[in-house]
Amino acid sequence: MTNIIEIAKVALSNLSRQGLRSYLTLIGVVIGIAAIVTLISLGAGLNNAVVDQFEQLGSNTIFLTPGGAGMGGSGTALLGATELSDSEIARMKAIPEVASVIAPFSTNATIEYGKEVRKISIMAADAAEADFFEDSGFLEIEEGRSFEGNDGFVAIIGPSIATDVFSKDVALHDRIIINGKSFKVVAIAKKTSQSFGGGPNTNNSIFITKRSFNETFPSVNPIFALIKAEKKEDVQIVKEKIEKIFEKDYGKDQKEFMVVTSEQVLEQIDRVLGIIQIFLVGIASISLLVGSIGIMNTMIMAVMERTKEIGVMKAIGATNNLVLTIFILEAGFIGLVGGIIGVIIGYGLAFGVGAIAESAAFALKVELDPMLIIGAMLFSLIVGMAAGAYPANKAARLDPVDALRGSE
């Protein structure tokens, strides 16, 4: 143990004598490890945000979407999408294992406030559906109240509608004009972070009651639905029964609607994120490869400059293994120090991007991962030692007499 400590001290002392060269060699390792840690942390943060969103929805949730449509977006109607009929919604609600069916009405509409006119996403919900959106984390009330059973022409507006869309802020109890009809603002929603694969973007939307929506947009029907099974164990049964409803209406291989469970959506998102992350980490690894070449170059130069020193070491009894160990440790220390600095910078960048994303209302839950920290430092240590293996072996094989003469 004492010998290892002494060898480590000698290796560190040799590195400190190289000064600027050692610091410059560190840069490549630092950049590579920082890039890898940043990208992996951001990917994990994105995955954490998505998982949290789906946990709020519950594992007993089933999504019914237009064929080929994604799960993201503001919830507005897709061009050419097939609308859900009252009969189809009623039949889904009649399935014994179904706890609830939420089929929001949605469209884009002309909004007037003051003398300004804007196109904004409108969604309809009754009191029960508003509660569902609140429980799912999509809609939280900052000011005012949620919908009540006897509400008519009232609206809940997203925070961006309140402060960013019009030149004058829209306040609680103000009135806005939607397609020519006057609506009283009864609530302003909290700013919510949208995750990849998440639900409607309520920051830029307006919620009105179903009664007022049907009077204002009589020809618009729902195009998607969220179905809650009574129990998690019933999800597959409910999914199959819903599929049979639409097969009866549109044929066995119908493409009008897709029926997917929350677990299926989460698996699809995980696969996409995984592929993206592997690709980005592969690109970042190029920087680490450049860093390892820098380490090898530094160690080769060290061998060339220290041949007499190696000769003296061998003349006083240093074995080939001892010389080999000293040079490999020197290279390993360069990798390890670069890895430590890279981890610090990488997490600093990841948390910085996370903070910017949160301020932009995009969910990105970056967390410290002990396994990533340890893995990154070990990886950088191994890369350093591997890069130093060739020059270390070259130093160990030097003939003492030739080395003392300064020959290679």
# chains A, B, ... in the order shown; residues from 1 in each chain; ligands from 1
call {"tool": "residues_around", "arguments": {"residues": "region 358-372 of chain A", "least_positions_apart": "4", "cutoff": "7 Å", "atoms": "only C-alpha atoms", "output": "list in words"}}
result
Ser41, Leu42, Ala44, Gly45, Leu46, Asn48, Ala49, Lys191, Thr192, Ser193, Gln194, Ser195, Ala350, Phe351, Gly354 and Ala376 of chain A
call {"tool": "select_by_dssp", "arguments": {"residues": "region 129-217 of chain A", "states": "alpha helix (DSSP H)", "output": "VMD selection string"}}
result
chain A and resid 129 to 135 159 to 163 210 to 216
call {"tool": "residues_around", "arguments": {"residues": "region 182-190 of chain A", "least_positions_apart": "4", "cutoff": "9 Å", "atoms": "only C-alpha atoms", "output": "CSV table (one decimal) with N, CA and C atoms, in the first residue's frame"}}
result
chain,number,residue,atom,x,y,z
A,139,LEU,N,-53.8,21.9,-15.7
A,139,LEU,CA,-54.4,23.2,-15.4
A,139,LEU,C,-54.4,23.4,-13.9
A,140,GLU,N,-53.8,24.5,-13.5
A,140,GLU,CA,-53.8,24.9,-12.1
A,140,GLU,C,-54.2,26.4,-12.0
A,141,ILE,N,-55.1,26.7,-11.1
A,141,ILE,CA,-55.6,28.0,-10.9
A,141,ILE,C,-54.7,28.9,-10.1
A,142,GLU,N,-54.3,30.0,-10.7
A,142,GLU,CA,-53.4,31.0,-10.0
A,142,GLU,C,-54.3,32.0,-9.3
A,143,GLU,N,-55.3,32.6,-10.0
A,143,GLU,CA,-56.2,33.5,-9.5
A,143,GLU,C,-57.6,33.1,-9.9
A,144,GLY,N,-58.6,33.4,-9.0
A,144,GLY,CA,-60.0,33.2,-9.3
A,144,GLY,C,-60.4,31.8,-8.9
A,145,ARG,N,-61.4,31.2,-9.7
A,145,ARG,CA,-62.0,30.0,-9.3
A,145,ARG,C,-62.1,29.1,-10.5
A,146,SER,N,-62.4,27.8,-10.3
A,146,SER,CA,-62.6,26.9,-11.4
A,146,SER,C,-64.1,27.0,-11.8
A,147,PHE,N,-64.5,26.2,-12.8
A,147,PHE,CA,-65.9,26.2,-13.3
A,147,PHE,C,-66.8,25.6,-12.2
A,152,GLY,N,-72.0,29.9,-17.2
A,152,GLY,CA,-72.4,30.1,-18.7
A,152,GLY,C,-71.2,30.6,-19.4
A,153,PHE,N,-71.2,31.9,-19.8
A,153,PHE,CA,-70.2,32.5,-20.6
A,153,PHE,C,-69.1,33.0,-19.8
A,154,VAL,N,-68.3,32.1,-19.2
A,154,VAL,CA,-67.1,32.5,-18.4
A,154,VAL,C,-65.9,31.7,-19.0
A,155,ALA,N,-64.7,32.2,-18.6
A,155,ALA,CA,-63.5,31.7,-19.2
A,155,ALA,C,-62.4,31.6,-18.2
A,156,ILE,N,-61.5,30.6,-18.3
A,156,ILE,CA,-60.3,30.5,-17.6
A,156,ILE,C,-59.2,30.7,-18.6
A,157,ILE,N,-58.3,31.6,-18.4
A,157,ILE,CA,-57.3,31.9,-19.4
A,157,ILE,C,-55.9,31.5,-19.0
A,158,GLY,N,-55.1,31.1,-19.9
A,158,GLY,CA,-53.7,30.7,-19.6
A,158,GLY,C,-52.9,32.0,-19.2
A,159,PRO,N,-51.8,31.8,-18.5
A,159,PRO,CA,-51.0,32.9,-18.1
A,159,PRO,C,-50.4,33.7,-19.3
A,161,ILE,N,-51.9,34.2,-22.1
A,161,ILE,CA,-53.0,35.0,-22.6
A,161,ILE,C,-53.1,36.3,-21.8
A,162,ALA,N,-52.9,36.1,-20.5
A,162,ALA,CA,-53.1,37.2,-19.5
A,162,ALA,C,-52.0,38.3,-19.7
A,170,VAL,N,-54.6,41.1,-19.5
A,170,VAL,CA,-56.0,40.7,-19.2
A,170,VAL,C,-56.1,40.3,-17.7
A,171,ALA,N,-57.0,41.0,-17.0
A,171,ALA,CA,-57.1,40.8,-15.6
A,171,ALA,C,-58.3,40.0,-15.2
A,172,LEU,N,-58.3,39.5,-14.0
A,172,LEU,CA,-59.5,38.8,-13.5
A,172,LEU,C,-60.7,39.7,-13.5
A,173,HIS,N,-61.9,39.1,-14.0
A,173,HIS,CA,-63.2,39.8,-14.1
A,173,HIS,C,-63.3,40.7,-15.4
A,174,ASP,N,-62.2,40.8,-16.1
A,174,ASP,CA,-62.3,41.4,-17.4
A,174,ASP,C,-63.1,40.6,-18.4
A,175,ARG,N,-63.5,41.3,-19.5
A,175,ARG,CA,-64.3,40.5,-20.5
A,175,ARG,C,-63.5,40.5,-21.8
A,176,ILE,N,-63.6,39.3,-22.4
A,176,ILE,CA,-63.0,39.1,-23.7
A,176,ILE,C,-64.1,38.6,-24.7
A,177,ILE,N,-63.8,38.9,-26.0
A,177,ILE,CA,-64.8,38.5,-27.0
A,177,ILE,C,-64.3,37.3,-27.8
A,178,ILE,N,-65.1,36.3,-27.8
A,178,ILE,CA,-64.7,35.1,-28.5
A,178,ILE,C,-65.8,34.8,-29.6
A,202,THR,N,-51.7,24.6,-21.9
A,202,THR,CA,-52.7,25.5,-21.3
A,202,THR,C,-52.2,26.9,-21.1
A,203,ASN,N,-50.9,27.1,-21.2
A,203,ASN,CA,-50.4,28.4,-21.0
A,203,ASN,C,-50.9,29.4,-22.1
A,208,ILE,N,-63.4,27.4,-21.8
A,208,ILE,CA,-64.7,27.9,-21.6
A,208,ILE,C,-65.6,26.7,-21.3
call {"tool": "select_by_dssp", "arguments": {"residues": "region 241-308 of chain A", "states": "strand (DSSP E)", "output": "list in words"}}
result
Phe257, Met258, Val259, Val260 and Thr261 of chain A
call {"tool": "closest_residue", "arguments": {"among": "A:Ile111, A:Met299, A:Leu349, A:Ile62", "to": "Tyr390 (chain A)", "atoms": "only C-alpha atoms"}}
result
A:Met299
call {"tool": "closest_residue", "arguments": {"among": "A:Ile310, A:Val238, A:Ile340, A:Ile27", "to": "Leu322 (chain A)", "atoms": "only C-alpha atoms"}}
result
A:Ile310
